[in-house]
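Engineer: Quick one, model.cif (mmCIF, C-alpha atoms):
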data_my_file
loop_
_atom_site.group_PDB
_atom_site.id
_atom_site.type_symbol
_atom_site.label_atom_id
_atom_site.label_comp_id
_atom_site.auth_asym_id
_atom_site.auth_seq_id
_atom_site.Cartn_x
_atom_site.Cartn_y
_atom_site.Cartn_z
ATOM 1 C CA MET A 264 87.375 60.193 81.048
ATOM 2 C CA THR A 265 84.876 57.890 79.321
ATOM 3 C CA THR A 266 83.312 59.358 76.176
ATOM 4 C CA PHE A 267 80.137 58.335 74.440
ATOM 5 C CA SER A 268 79.970 57.265 70.823
ATOM 6 C CA VAL A 269 77.495 59.654 69.212
ATOM 7 C CA PRO A 270 76.113 58.991 65.712
ATOM 8 C CA THR A 271 76.570 61.739 63.173
ATOM 9 C CA GLY A 272 74.116 62.419 60.416
ATOM 10 C CA PRO A 273 73.923 64.253 57.111
ATOM 11 C CA VAL A 274 74.034 68.018 56.674
ATOM 12 C CA GLY A 275 70.363 68.141 55.851
ATOM 13 C CA SER A 276 67.138 66.248 55.376
ATOM 14 C CA ARG A 277 64.448 66.369 52.730
ATOM 15 C CA ILE A 278 61.101 64.927 51.759
ATOM 16 C CA LEU A 279 61.675 61.969 49.428
ATOM 17 C CA GLY A 280 58.102 60.912 48.693
ATOM 18 C CA LEU A 281 54.441 61.620 49.368
ATOM 19 C CA GLY A 282 51.269 59.567 49.622
ATOM 20 C CA SER A 283 47.635 60.066 50.546
ATOM 21 C CA TYR A 284 44.352 58.266 51.053
ATOM 22 C CA GLN A 285 40.722 59.361 51.309
ATOM 23 C CA PRO A 286 37.591 57.285 51.875
ATOM 24 C CA GLU A 287 35.297 56.711 48.907
ATOM 25 C CA THR A 288 32.162 58.227 50.438
ATOM 26 C CA ILE A 289 31.633 61.888 49.503
ATOM 27 C CA VAL A 290 29.246 63.968 51.583
ATOM 28 C CA SER A 291 28.144 67.161 49.847
ATOM 29 C CA ASN A 292 26.684 70.293 51.371
ATOM 30 C CA HIS A 293 23.353 69.298 49.835
ATOM 31 C CA ASP A 294 23.543 65.949 51.652
ATOM 32 C CA LEU A 295 24.013 67.772 54.952
ATOM 33 C CA SER A 296 21.127 70.132 54.223
ATOM 34 C CA LEU A 297 18.792 67.123 54.169
ATOM 35 C CA ARG A 298 19.514 66.342 57.834
ATOM 36 C CA MET A 299 20.110 69.759 59.406
ATOM 37 C CA ASP A 300 19.250 73.435 59.032
ATOM 38 C CA THR A 301 21.934 74.481 56.569
ATOM 39 C CA SER A 302 22.541 75.032 52.866
ATOM 40 C CA ASP A 303 25.314 74.863 50.302
ATOM 41 C CA GLU A 304 25.533 78.661 50.204
ATOM 42 C CA TRP A 305 25.710 78.986 54.005
ATOM 43 C CA ILE A 306 28.493 76.408 54.335
ATOM 44 C CA ARG A 307 30.537 77.814 51.451
ATOM 45 C CA ASP A 308 30.268 81.332 52.861
ATOM 46 C CA ARG A 309 31.177 80.245 56.383
ATOM 47 C CA VAL A 310 34.018 77.733 55.833
ATOM 48 C CA GLY A 311 34.508 77.356 52.069
ATOM 49 C CA ILE A 312 33.757 73.632 51.943
ATOM 50 C CA ALA A 313 31.738 72.004 49.146
ATOM 51 C CA ASN A 314 32.403 68.308 49.850
ATOM 52 C CA ARG A 315 34.099 66.170 52.445
ATOM 53 C CA ARG A 316 35.154 62.481 52.619
ATOM 54 C CA VAL A 317 33.745 60.206 55.304
ATOM 55 C CA ALA A 318 35.045 56.772 56.268
ATOM 56 C CA LYS A 319 32.697 53.823 56.668
ATOM 57 C CA PRO A 320 32.111 52.533 60.218
ATOM 58 C CA ASP A 321 34.430 49.569 59.673
ATOM 59 C CA GLU A 322 37.181 51.637 58.010
ATOM 60 C CA LEU A 323 39.695 52.389 60.742
ATOM 61 C CA LEU A 324 42.148 55.239 61.151
ATOM 62 C CA VAL A 325 44.961 52.687 61.001
ATOM 63 C CA ASP A 326 43.613 51.379 57.666
ATOM 64 C CA MET A 327 43.818 54.853 56.136
ATOM 65 C CA ALA A 328 47.284 55.476 57.568
ATOM 66 C CA VAL A 329 48.566 52.207 56.090
ATOM 67 C CA GLU A 330 47.299 53.147 52.623
ATOM 68 C CA ALA A 331 48.882 56.614 52.687
ATOM 69 C CA GLY A 332 52.114 55.426 54.276
ATOM 70 C CA ALA A 333 52.678 52.586 51.829
ATOM 71 C CA LYS A 334 52.177 54.975 48.903
ATOM 72 C CA ALA A 335 54.711 57.429 50.334
ATOM 73 C CA VAL A 336 57.329 54.694 50.788
ATOM 74 C CA ALA A 337 56.837 53.545 47.192
ATOM 75 C CA ASP A 338 56.894 57.133 45.922
ATOM 76 C CA ALA A 339 60.253 57.638 47.652
ATOM 77 C CA GLY A 340 61.622 54.641 45.743
ATOM 78 C CA LEU A 341 62.193 52.723 48.955
ATOM 79 C CA ALA A 342 61.187 49.378 50.415
ATOM 80 C CA PRO A 343 59.578 49.008 53.855
ATOM 81 C CA ALA A 344 62.846 47.572 55.145
ATOM 82 C CA ASP A 345 64.517 50.923 54.396
ATOM 83 C CA ILE A 346 62.336 52.784 56.910
ATOM 84 C CA GLY A 347 64.063 53.390 60.231
ATOM 85 C CA ALA A 348 61.190 54.936 62.200
ATOM 86 C CA VAL A 349 57.460 55.599 61.860
ATOM 87 C CA ILE A 350 55.617 58.587 63.322
ATOM 88 C CA VAL A 351 51.832 58.897 63.131
ATOM 89 C CA ALA A 352 50.405 62.318 63.911
ATOM 90 C CA THR A 353 46.822 61.879 65.068
ATOM 91 C CA CYS A 354 44.335 63.043 67.680
ATOM 92 C CA THR A 355 41.434 60.714 66.835
ATOM 93 C CA MET A 356 42.480 57.169 67.689
ATOM 94 C CA PRO A 357 39.505 55.343 69.270
ATOM 95 C CA SER A 358 41.752 54.443 72.205
ATOM 96 C CA GLN A 359 45.183 55.603 73.338
ATOM 97 C CA ILE A 360 46.569 52.080 73.763
ATOM 98 C CA PRO A 361 47.867 50.566 71.545
ATOM 99 C CA ASN A 362 49.211 53.411 69.447
ATOM 100 C CA ALA A 363 48.563 53.674 65.722
ATOM 101 C CA ALA A 364 52.182 53.818 64.594
ATOM 102 C CA ALA A 365 53.254 50.322 65.664
ATOM 103 C CA GLN A 366 50.217 48.801 63.947
ATOM 104 C CA VAL A 367 50.826 50.831 60.792
ATOM 105 C CA ALA A 368 54.520 49.944 60.700
ATOM 106 C CA ASP A 369 53.801 46.224 61.027
ATOM 107 C CA ARG A 370 51.119 46.211 58.334
ATOM 108 C CA ILE A 371 53.289 48.144 55.877
ATOM 109 C CA GLY A 372 56.145 45.728 56.507
ATOM 110 C CA VAL A 373 58.399 47.977 58.578
ATOM 111 C CA LYS A 374 59.458 45.331 61.075
ATOM 112 C CA GLY A 375 61.117 46.149 64.378
ATOM 113 C CA ALA A 376 61.493 49.895 63.810
ATOM 114 C CA PRO A 377 60.624 52.435 66.507
ATOM 115 C CA ALA A 378 57.072 53.683 66.033
ATOM 116 C CA PHE A 379 55.153 56.278 68.004
ATOM 117 C CA ASP A 380 52.125 58.553 67.831
ATOM 118 C CA LEU A 381 52.341 62.319 68.171
ATOM 119 C CA ASN A 382 49.345 64.408 69.201
ATOM 120 C CA ALA A 383 49.511 68.098 68.385
ATOM 121 C CA ALA A 384 46.058 68.028 66.769
ATOM 122 C CA CYS A 385 45.974 70.028 63.526
ATOM 123 C CA ALA A 386 49.631 71.030 63.942
ATOM 124 C CA GLY A 387 50.587 67.369 64.241
ATOM 125 C CA PHE A 388 52.032 66.830 60.781
ATOM 126 C CA CYS A 389 54.377 69.822 61.075
ATOM 127 C CA TYR A 390 55.451 68.688 64.556
ATOM 128 C CA ALA A 391 56.098 65.172 63.243
ATOM 129 C CA LEU A 392 57.927 66.420 60.147
ATOM 130 C CA GLY A 393 60.231 68.536 62.315
ATOM 131 C CA THR A 394 60.873 65.570 64.600
ATOM 132 C CA ALA A 395 61.612 63.303 61.633
ATOM 133 C CA SER A 396 64.020 65.848 60.162
ATOM 134 C CA ASP A 397 65.934 66.019 63.443
ATOM 135 C CA LEU A 398 66.095 62.215 63.696
ATOM 136 C CA VAL A 399 67.595 62.003 60.215
ATOM 137 C CA ARG A 400 70.084 64.841 60.703
ATOM 138 C CA ALA A 401 71.207 63.399 64.045
ATOM 139 C CA GLY A 402 71.896 60.025 62.439
ATOM 140 C CA THR A 403 69.292 58.311 64.618
ATOM 141 C CA ALA A 404 67.349 57.042 61.582
ATOM 142 C CA LYS A 405 68.161 57.204 57.891
ATOM 143 C CA HIS A 406 64.580 57.263 56.632
ATOM 144 C CA VAL A 407 61.499 58.218 58.642
ATOM 145 C CA LEU A 408 57.906 57.700 57.574
ATOM 146 C CA VAL A 409 55.631 60.507 58.772
ATOM 147 C CA ILE A 410 51.851 60.074 58.541
ATOM 148 C CA GLY A 411 49.018 62.412 59.447
ATOM 149 C CA ALA A 412 45.820 60.382 59.821
ATOM 150 C CA GLU A 413 42.433 61.219 61.264
ATOM 151 C CA LYS A 414 38.993 59.693 61.504
ATOM 152 C CA LEU A 415 37.316 62.794 62.853
ATOM 153 C CA THR A 416 33.815 61.545 62.120
ATOM 154 C CA ASP A 417 34.199 59.141 65.066
ATOM 155 C CA TRP A 418 34.331 62.233 67.281
ATOM 156 C CA VAL A 419 31.783 64.492 65.601
ATOM 157 C CA ASP A 420 28.091 64.810 66.439
ATOM 158 C CA GLY A 421 26.468 64.354 63.033
ATOM 159 C CA ASP A 422 23.636 66.670 64.037
ATOM 160 C CA ASP A 423 25.855 69.496 65.277
ATOM 161 C CA ARG A 424 25.949 72.076 62.509
ATOM 162 C CA SER A 425 29.008 73.831 63.951
ATOM 163 C CA THR A 426 31.245 70.764 63.530
ATOM 164 C CA ALA A 427 29.537 68.293 61.161
ATOM 165 C CA ILE A 428 29.952 70.660 58.206
ATOM 166 C CA ILE A 429 33.696 71.000 58.794
ATOM 167 C CA PHE A 430 35.436 67.796 59.809
ATOM 168 C CA ALA A 431 36.276 64.827 57.596
ATOM 169 C CA ASP A 432 38.482 61.732 57.341
ATOM 170 C CA GLY A 433 41.704 60.880 55.538
ATOM 171 C CA ALA A 434 45.456 60.354 55.719
ATOM 172 C CA GLY A 435 48.554 61.848 54.149
ATOM 173 C CA ALA A 436 52.189 60.810 54.437
ATOM 174 C CA ALA A 437 55.765 61.781 53.657
ATOM 175 C CA VAL A 438 59.101 59.995 53.809
ATOM 176 C CA VAL A 439 61.998 62.033 55.186
ATOM 177 C CA GLY A 440 65.554 61.092 54.298
ATOM 178 C CA PRO A 441 69.120 62.446 54.197
ATOM 179 C CA SER A 442 70.247 65.266 51.932
ATOM 180 C CA ASP A 443 73.564 66.938 51.101
ATOM 181 C CA GLU A 444 71.750 70.277 51.399
ATOM 182 C CA PRO A 445 68.946 71.293 53.774
ATOM 183 C CA GLY A 446 65.532 70.505 52.292
ATOM 184 C CA ILE A 447 63.493 70.933 55.475
ATOM 185 C CA GLY A 448 63.974 74.148 57.398
ATOM 186 C CA PRO A 449 63.997 74.513 61.195
ATOM 187 C CA VAL A 450 60.548 74.271 62.730
ATOM 188 C CA SER A 451 58.890 77.397 64.102
ATOM 189 C CA TRP A 452 56.567 76.107 66.775
ATOM 190 C CA GLY A 453 54.891 76.724 70.087
ATOM 191 C CA SER A 454 51.723 76.455 72.117
ATOM 192 C CA ALA A 455 49.105 78.526 73.924
ATOM 193 C CA GLY A 456 47.797 76.278 76.678
ATOM 194 C CA ASP A 457 45.857 79.122 78.221
ATOM 195 C CA LEU A 458 43.503 78.884 75.222
ATOM 196 C CA VAL A 459 42.825 75.171 75.679
ATOM 197 C CA ASP A 460 39.067 75.709 75.960
ATOM 198 C CA MET A 461 38.740 76.875 72.336
ATOM 199 C CA ILE A 462 38.827 73.375 70.794
ATOM 200 C CA GLY A 463 38.651 69.968 72.398
ATOM 201 C CA VAL A 464 36.898 66.801 73.495
ATOM 202 C CA LYS A 465 35.855 66.894 77.151
ATOM 203 C CA ASP A 466 35.977 63.149 77.763
ATOM 204 C CA ARG A 467 35.723 59.806 75.970
ATOM 205 C CA ARG A 468 31.934 60.044 75.858
ATOM 206 C CA SER A 469 31.916 63.504 74.268
ATOM 207 C CA PHE A 470 32.176 64.959 70.776
ATOM 208 C CA ILE A 471 34.519 67.638 69.428
ATOM 209 C CA PHE A 472 33.588 71.209 70.308
ATOM 210 C CA GLN A 473 35.108 74.455 69.163
ATOM 211 C CA GLU A 474 34.570 78.154 69.654
ATOM 212 C CA GLY A 475 34.482 79.013 65.982
ATOM 213 C CA GLN A 476 34.741 82.785 66.140
ATOM 214 C CA SER A 477 37.499 82.713 68.761
ATOM 215 C CA VAL A 478 39.516 80.211 66.717
ATOM 216 C CA PHE A 479 39.030 82.335 63.596
ATOM 217 C CA ARG A 480 40.297 85.497 65.311
ATOM 218 C CA TRP A 481 43.272 83.681 66.823
ATOM 219 C CA ALA A 482 44.314 81.989 63.576
ATOM 220 C CA THR A 483 43.945 85.077 61.384
ATOM 221 C CA THR A 484 46.036 87.241 63.729
ATOM 222 C CA GLN A 485 48.592 84.868 65.276
ATOM 223 C CA ILE A 486 49.570 82.382 62.568
ATOM 224 C CA ALA A 487 51.114 84.708 59.971
ATOM 225 C CA PRO A 488 53.965 85.670 62.353
ATOM 226 C CA ILE A 489 54.689 81.965 62.914
ATOM 227 C CA ALA A 490 54.867 81.466 59.151
ATOM 228 C CA LEU A 491 57.177 84.448 58.721
ATOM 229 C CA LYS A 492 59.421 83.098 61.500
ATOM 230 C CA ALA A 493 59.701 79.748 59.700
ATOM 231 C CA ILE A 494 60.863 81.552 56.559
ATOM 232 C CA GLU A 495 63.415 83.523 58.585
ATOM 233 C CA LEU A 496 64.734 80.370 60.272
ATOM 234 C CA ALA A 497 65.258 78.802 56.842
ATOM 235 C CA GLY A 498 67.375 81.800 55.825
ATOM 236 C CA LEU A 499 64.937 82.834 53.097
ATOM 237 C CA GLU A 500 62.835 85.825 52.139
ATOM 238 C CA VAL A 501 59.041 85.745 51.846
ATOM 239 C CA SER A 502 59.412 86.253 48.099
ATOM 240 C CA ASP A 503 61.393 82.974 47.855
ATOM 241 C CA VAL A 504 58.311 80.901 48.717
ATOM 242 C CA ASP A 505 56.557 79.270 45.740
ATOM 243 C CA VAL A 506 53.775 77.416 47.544
ATOM 244 C CA PHE A 507 51.793 78.094 50.727
ATOM 245 C CA VAL A 508 50.204 75.039 52.373
ATOM 246 C CA PRO A 509 48.509 75.906 55.665
ATOM 247 C CA HIS A 510 46.355 73.534 57.658
ATOM 248 C CA GLN A 511 43.024 73.360 55.852
ATOM 249 C CA ALA A 512 40.898 74.614 58.743
ATOM 250 C CA ASN A 513 38.656 77.080 56.969
ATOM 251 C CA LEU A 514 39.027 78.703 53.550
ATOM 252 C CA ARG A 515 38.503 82.161 55.038
ATOM 253 C CA ILE A 516 41.399 81.543 57.440
ATOM 254 C CA VAL A 517 43.607 80.290 54.599
ATOM 255 C CA GLU A 518 42.872 83.396 52.506
ATOM 256 C CA ALA A 519 43.367 85.757 55.463
ATOM 257 C CA ILE A 520 46.814 84.349 56.290
ATOM 258 C CA ALA A 521 47.830 84.434 52.616
ATOM 259 C CA LYS A 522 46.777 88.095 52.460
ATOM 260 C CA ARG A 523 49.020 88.896 55.427
ATOM 261 C CA LEU A 524 51.939 87.086 53.778
ATOM 262 C CA ARG A 525 51.458 89.097 50.589
ATOM 263 C CA ALA A 526 51.477 92.278 52.661
ATOM 264 C CA LYS A 527 54.919 91.181 53.884
ATOM 265 C CA GLY A 528 56.288 90.566 50.393
ATOM 266 C CA ALA A 529 54.914 87.211 49.200
ATOM 267 C CA ARG A 530 54.556 86.970 45.445
ATOM 268 C CA GLU A 531 51.215 87.610 43.776
ATOM 269 C CA ASP A 532 51.575 84.298 41.931
ATOM 270 C CA LEU A 533 52.059 82.406 45.216
ATOM 271 C CA VAL A 534 50.342 79.022 44.868
ATOM 272 C CA ILE A 535 47.917 78.542 47.763
ATOM 273 C CA ALA A 536 46.492 75.194 48.907
ATOM 274 C CA ARG A 537 42.696 75.191 48.895
ATOM 275 C CA ASP A 538 42.185 71.480 49.359
ATOM 276 C CA ILE A 539 39.579 72.137 52.045
ATOM 277 C CA VAL A 540 36.974 72.833 49.337
ATOM 278 C CA ASP A 541 36.658 69.141 48.463
ATOM 279 C CA SER A 542 38.386 67.436 51.411
ATOM 280 C CA GLY A 543 37.070 69.304 54.444
ATOM 281 C CA ASN A 544 39.128 69.754 57.592
ATOM 282 C CA THR A 545 41.140 66.573 58.197
ATOM 283 C CA SER A 546 43.284 67.949 61.051
ATOM 284 C CA SER A 547 46.823 66.479 60.957
ATOM 285 C CA ALA A 548 46.165 64.882 57.568
ATOM 286 C CA SER A 549 45.278 68.126 55.805
ATOM 287 C CA ILE A 550 48.760 69.381 54.880
ATOM 288 C CA PRO A 551 50.143 66.126 53.382
ATOM 289 C CA LEU A 552 46.782 65.485 51.674
ATOM 290 C CA ALA A 553 46.908 68.929 50.090
ATOM 291 C CA LEU A 554 50.534 68.478 48.998
ATOM 292 C CA ASP A 555 49.826 65.149 47.314
ATOM 293 C CA HIS A 556 46.668 66.465 45.630
ATOM 294 C CA MET A 557 48.432 69.600 44.370
ATOM 295 C CA ARG A 558 51.260 67.527 42.951
ATOM 296 C CA ALA A 559 48.830 65.169 41.190
ATOM 297 C CA ALA A 560 46.981 68.161 39.710
ATOM 298 C CA GLY A 561 50.220 69.693 38.414
ATOM 299 C CA GLU A 562 49.859 72.788 40.617
ATOM 300 C CA VAL A 563 53.326 72.336 42.133
ATOM 301 C CA ARG A 564 56.640 71.098 40.792
ATOM 302 C CA SER A 565 59.577 69.152 42.161
ATOM 303 C CA GLY A 566 61.990 71.590 43.760
ATOM 304 C CA ASP A 567 59.375 74.194 44.658
ATOM 305 C CA VAL A 568 59.850 75.925 47.994
ATOM 306 C CA ALA A 569 56.757 75.326 50.127
ATOM 307 C CA LEU A 570 55.756 76.955 53.396
ATOM 308 C CA LEU A 571 53.822 74.573 55.662
ATOM 309 C CA VAL A 572 51.916 75.844 58.700
ATOM 310 C CA GLY A 573 49.752 73.793 61.071
ATOM 311 C CA PHE A 574 47.621 75.110 63.922
ATOM 312 C CA GLY A 575 44.826 73.856 66.126
ATOM 313 C CA ALA A 576 43.714 72.361 69.423
ATOM 314 C CA GLY A 577 46.080 72.702 72.325
ATOM 315 C CA LEU A 578 46.405 75.371 71.140
ATOM 316 C CA SER A 579 49.446 74.173 69.185
ATOM 317 C CA TYR A 580 51.120 75.626 66.112
ATOM 318 C CA ALA A 581 54.128 74.877 63.923
ATOM 319 C CA GLY A 582 55.564 75.685 60.541
ATOM 320 C CA GLN A 583 58.562 74.990 58.356
ATOM 321 C CA VAL A 584 59.825 75.627 54.860
ATOM 322 C CA VAL A 585 60.444 72.537 52.711
ATOM 323 C CA ARG A 586 61.589 71.766 49.197
ATOM 324 C CA LEU A 587 59.058 69.567 47.423
ATOM 325 C CA PRO A 588 60.100 66.141 46.087
#
Could you spell out this file's structure in structure tokens?
Structural biologist:
Amino acid sequence: MTTFSVPTGPVGSRILGLGSYQPETIVSNHDLSLRMDTSDEWIRDRVGIANRRVAKPDELLVDMAVEAGAKAVADAGLAPADIGAVIVATCTMPSQIPNAAAQVADRIGVKGAPAFDLNAACAGFCYALGTASDLVRAGTAKHVLVIGAEKLTDWVDGDDRSTAIIFADGAGAAVVGPSDEPGIGPVSWGSAGDLVDMIGVKDRRSFIFQEGQSVFRWATTQIAPIALKAIELAGLEVSDVDVFVPHQANLRIVEAIAKRLRAKGAREDLVIARDIVDSGNTSSASIPLALDHMRAAGEVRSGDVALLVGFGAGLSYAGQVVRLP
């Protein structure tokens, strides 16, 4: 009987490096109040955002992904030639063809490697990180570059108070590589396609819409169990987690999920990502952006155990426990 030759990989995978990029232009709540009926106090109370970054018209999603990805490769101590695959998590490319990943790979200098986009909206980075981990552990690729990149302002009506105050632009990236011990836990993920009408873009001539209150209720009741499942799959206890980095959708959602985790045994000194205050909601970019910002600010340390949870349009959700580089 003919048998196949199947590659074998390492016992585990881990994050080797991080990188991020944000546009220079900062739009404050005061700036928004000059063009619509809103105020700094109203926005802070509703979503917790003070500032957000906005890309210029000629600054493309691919440009931001290249910046973040190149930084992550360098941070991992690798050269572009060492990267065996590139995954770009995004839901805001101006067109579906060509994909972002092949363009990003070429511009970074990753020549000839497989490259593909992954669209799970705000859960995209966690989906892509889980996929990258499996590729490494299976021996399919030794090092995988994972990027979450969004130019949401291309898809937002600047006069719509329900969305213009929330969404922003940016990119964050991580390099996943082999490890003698597991450094990325199994992904806890799923979808709720029956709730597709909560968040979306109806067609290529439309802007993003969302049912804010419905999304809030869903996220604050359904995401904590997903996070707890990710901890269980990693063979850990809630008290083992040092850092909680959820998708930066809304500060009230972040705080509500953290409260539920504490009720289940999370430590009182649990470090919680609140990057949304000055970055806004950057969808698939929000988790890697927050990680890189927290590391730069000295809020987290190498070796910390971090719980990552993404959730959003689809509805899609995913989470995993990782050890920080």
Engineer: Expanded to explicit residues, what is the PyMOL selection byres ((chain A and resi 270) around 10) for this file, as a PyMOL selection string?
Structural biologist: chain A and resi 267-269+271-272+400-404
Engineer: Where does the PyMOL selection byres ((chain A and resi 388-395) around 7) land in this file, that is, which residues does it pick, as a VMD selection string?
Structural biologist: chain A and resid 350 352 381 386 to 387 396 to 399 407 409 411 439 450 547 to 548 572 to 573 581 to 582
Engineer: For each of A:Ser296, A:Ser283, A:Gln583, A:Thr545, take the minimum atom-to-atom distance to Gly448 of chain A, counting all atoms listed in the file, then give the residue where this is smallest.
Structural biologist: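 The shortest atom-to-atom distance to Gly448 of chain A comes from A:Gln583.
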Engineer: Where does the PyMOL selection byres ((chain A and resi 321-330) around 8) land in this file, that is, which residues does it pick, as a PyMOL selection string?
Structural biologist: chain A and resi 283-286+318-320+331-334+351+355-356+363+366-368+370-371+410-414+433-436
Engineer: In Å, how far is it from atom CA of Ala576 of chain A to atom CA of Leu554 of chain A?
Structural biologist: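 Pair atom CA of Ala576 of chain A / atom CA of Leu554 of chain A returns 21.9 Å.
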Engineer: Mind giving me the straight-line distance from atom CA of Arg467 of chain A to atom CA of Asp422 of chain A in Å, one decimal?
Structural biologist: 18.3 Å
Engineer: So that I can see what lies close to Glu495 of chain A, please list as number ranges by chain the residues with an atom at most 12 Å from it, counting all atoms listed in the file and leaving out residues fewer than 6 positions away in the same chain.
Structural biologist: A: 448-451, 488-489, 501-504, 570, 582-584
Engineer: Between A:Asp423, A:Asp417, A:Asp457, A:Asp432, which residue has the minimum interatomic distance to Asn314 of chain A, considering all atoms listed in the file?
Structural biologist: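 Between A:Asp423, A:Asp417, A:Asp457, A:Asp432, the residue approaching Asn314 of chain A most closely is A:Asp432.
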Engineer: Using all atoms listed in the file, determine which residues lie at most 12 Å from Ser469 of chain A, disregarding the query and same-chain residues fewer than 5 positions distant; provide the list as a tab-separated table (two decimals) with C-alpha atoms, keeping the file's coordinate frame.
Structural biologist:
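So the final result, stored in out34.tsv, reads:
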chain	number	residue	atom	x	y	z
A	417	ASP	CA	34.20	59.14	65.07
A	418	TRP	CA	34.33	62.23	67.28
A	419	VAL	CA	31.78	64.49	65.60
A	420	ASP	CA	28.09	64.81	66.44
A	463	GLY	CA	38.65	69.97	72.40
A	464	VAL	CA	36.90	66.80	73.50
Engineer: Select, counting all atoms listed in the file, all protein, DNA and RNA residues no farther than 7 Å from (43.6, 65.9, 49.0) in file coordinates, and express the selection as a list in words.
Structural biologist: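 Output of the proximity query reads Asp538, Ser542, Leu552, Ala553, Asp555 and His556 of chain A.
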Engineer: Separation of atom CA of Ala569 of chain A and atom CA of Trp481 of chain A, in Å?
Structural biologist: 23.0 Å
Engineer: Leaving out Ile346 of chain A and any residue of its chain fewer than 2 positions from it, which residues lie within 6 Å of it when counting only C-alpha atoms, given as a PyMOL selection string?
Structural biologist: chain A and resi 343-344+348+406-407
Engineer: Compile the contact shell of segment 338-340 of chain A as a compact mmCIF listing (two decimals) with C-alpha atoms, in the coordinates of the input: residues with an atom at most 10 Å away, counting only C-alpha atoms, same-chain residues fewer than 6 positions apart removed.
Structural biologist:
# COMPACT_ATOMS: atom_id res chain seq x y z
CA ILE A 278 61.10 64.93 51.76
CA LEU A 279 61.68 61.97 49.43
CA GLY A 280 58.10 60.91 48.69
CA LEU A 281 54.44 61.62 49.37
CA GLY A 282 51.27 59.57 49.62
CA GLY A 332 52.11 55.43 54.28
CA HIS A 406 64.58 57.26 56.63
CA ALA A 437 55.76 61.78 53.66
CA VAL A 438 59.10 60.00 53.81
CA VAL A 439 62.00 62.03 55.19
CA GLY A 440 65.55 61.09 54.30
CA PRO A 588 60.10 66.14 46.09
Engineer: Measuring atom to atom with only C-alpha atoms, identify which of A:Ala427, A:Ala519, A:Val349, A:Ala455 is nearest to Ile306 of chain A.
Structural biologist: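 Ranked by minimum distance to Ile306 of chain A, first place goes to A:Ala427.
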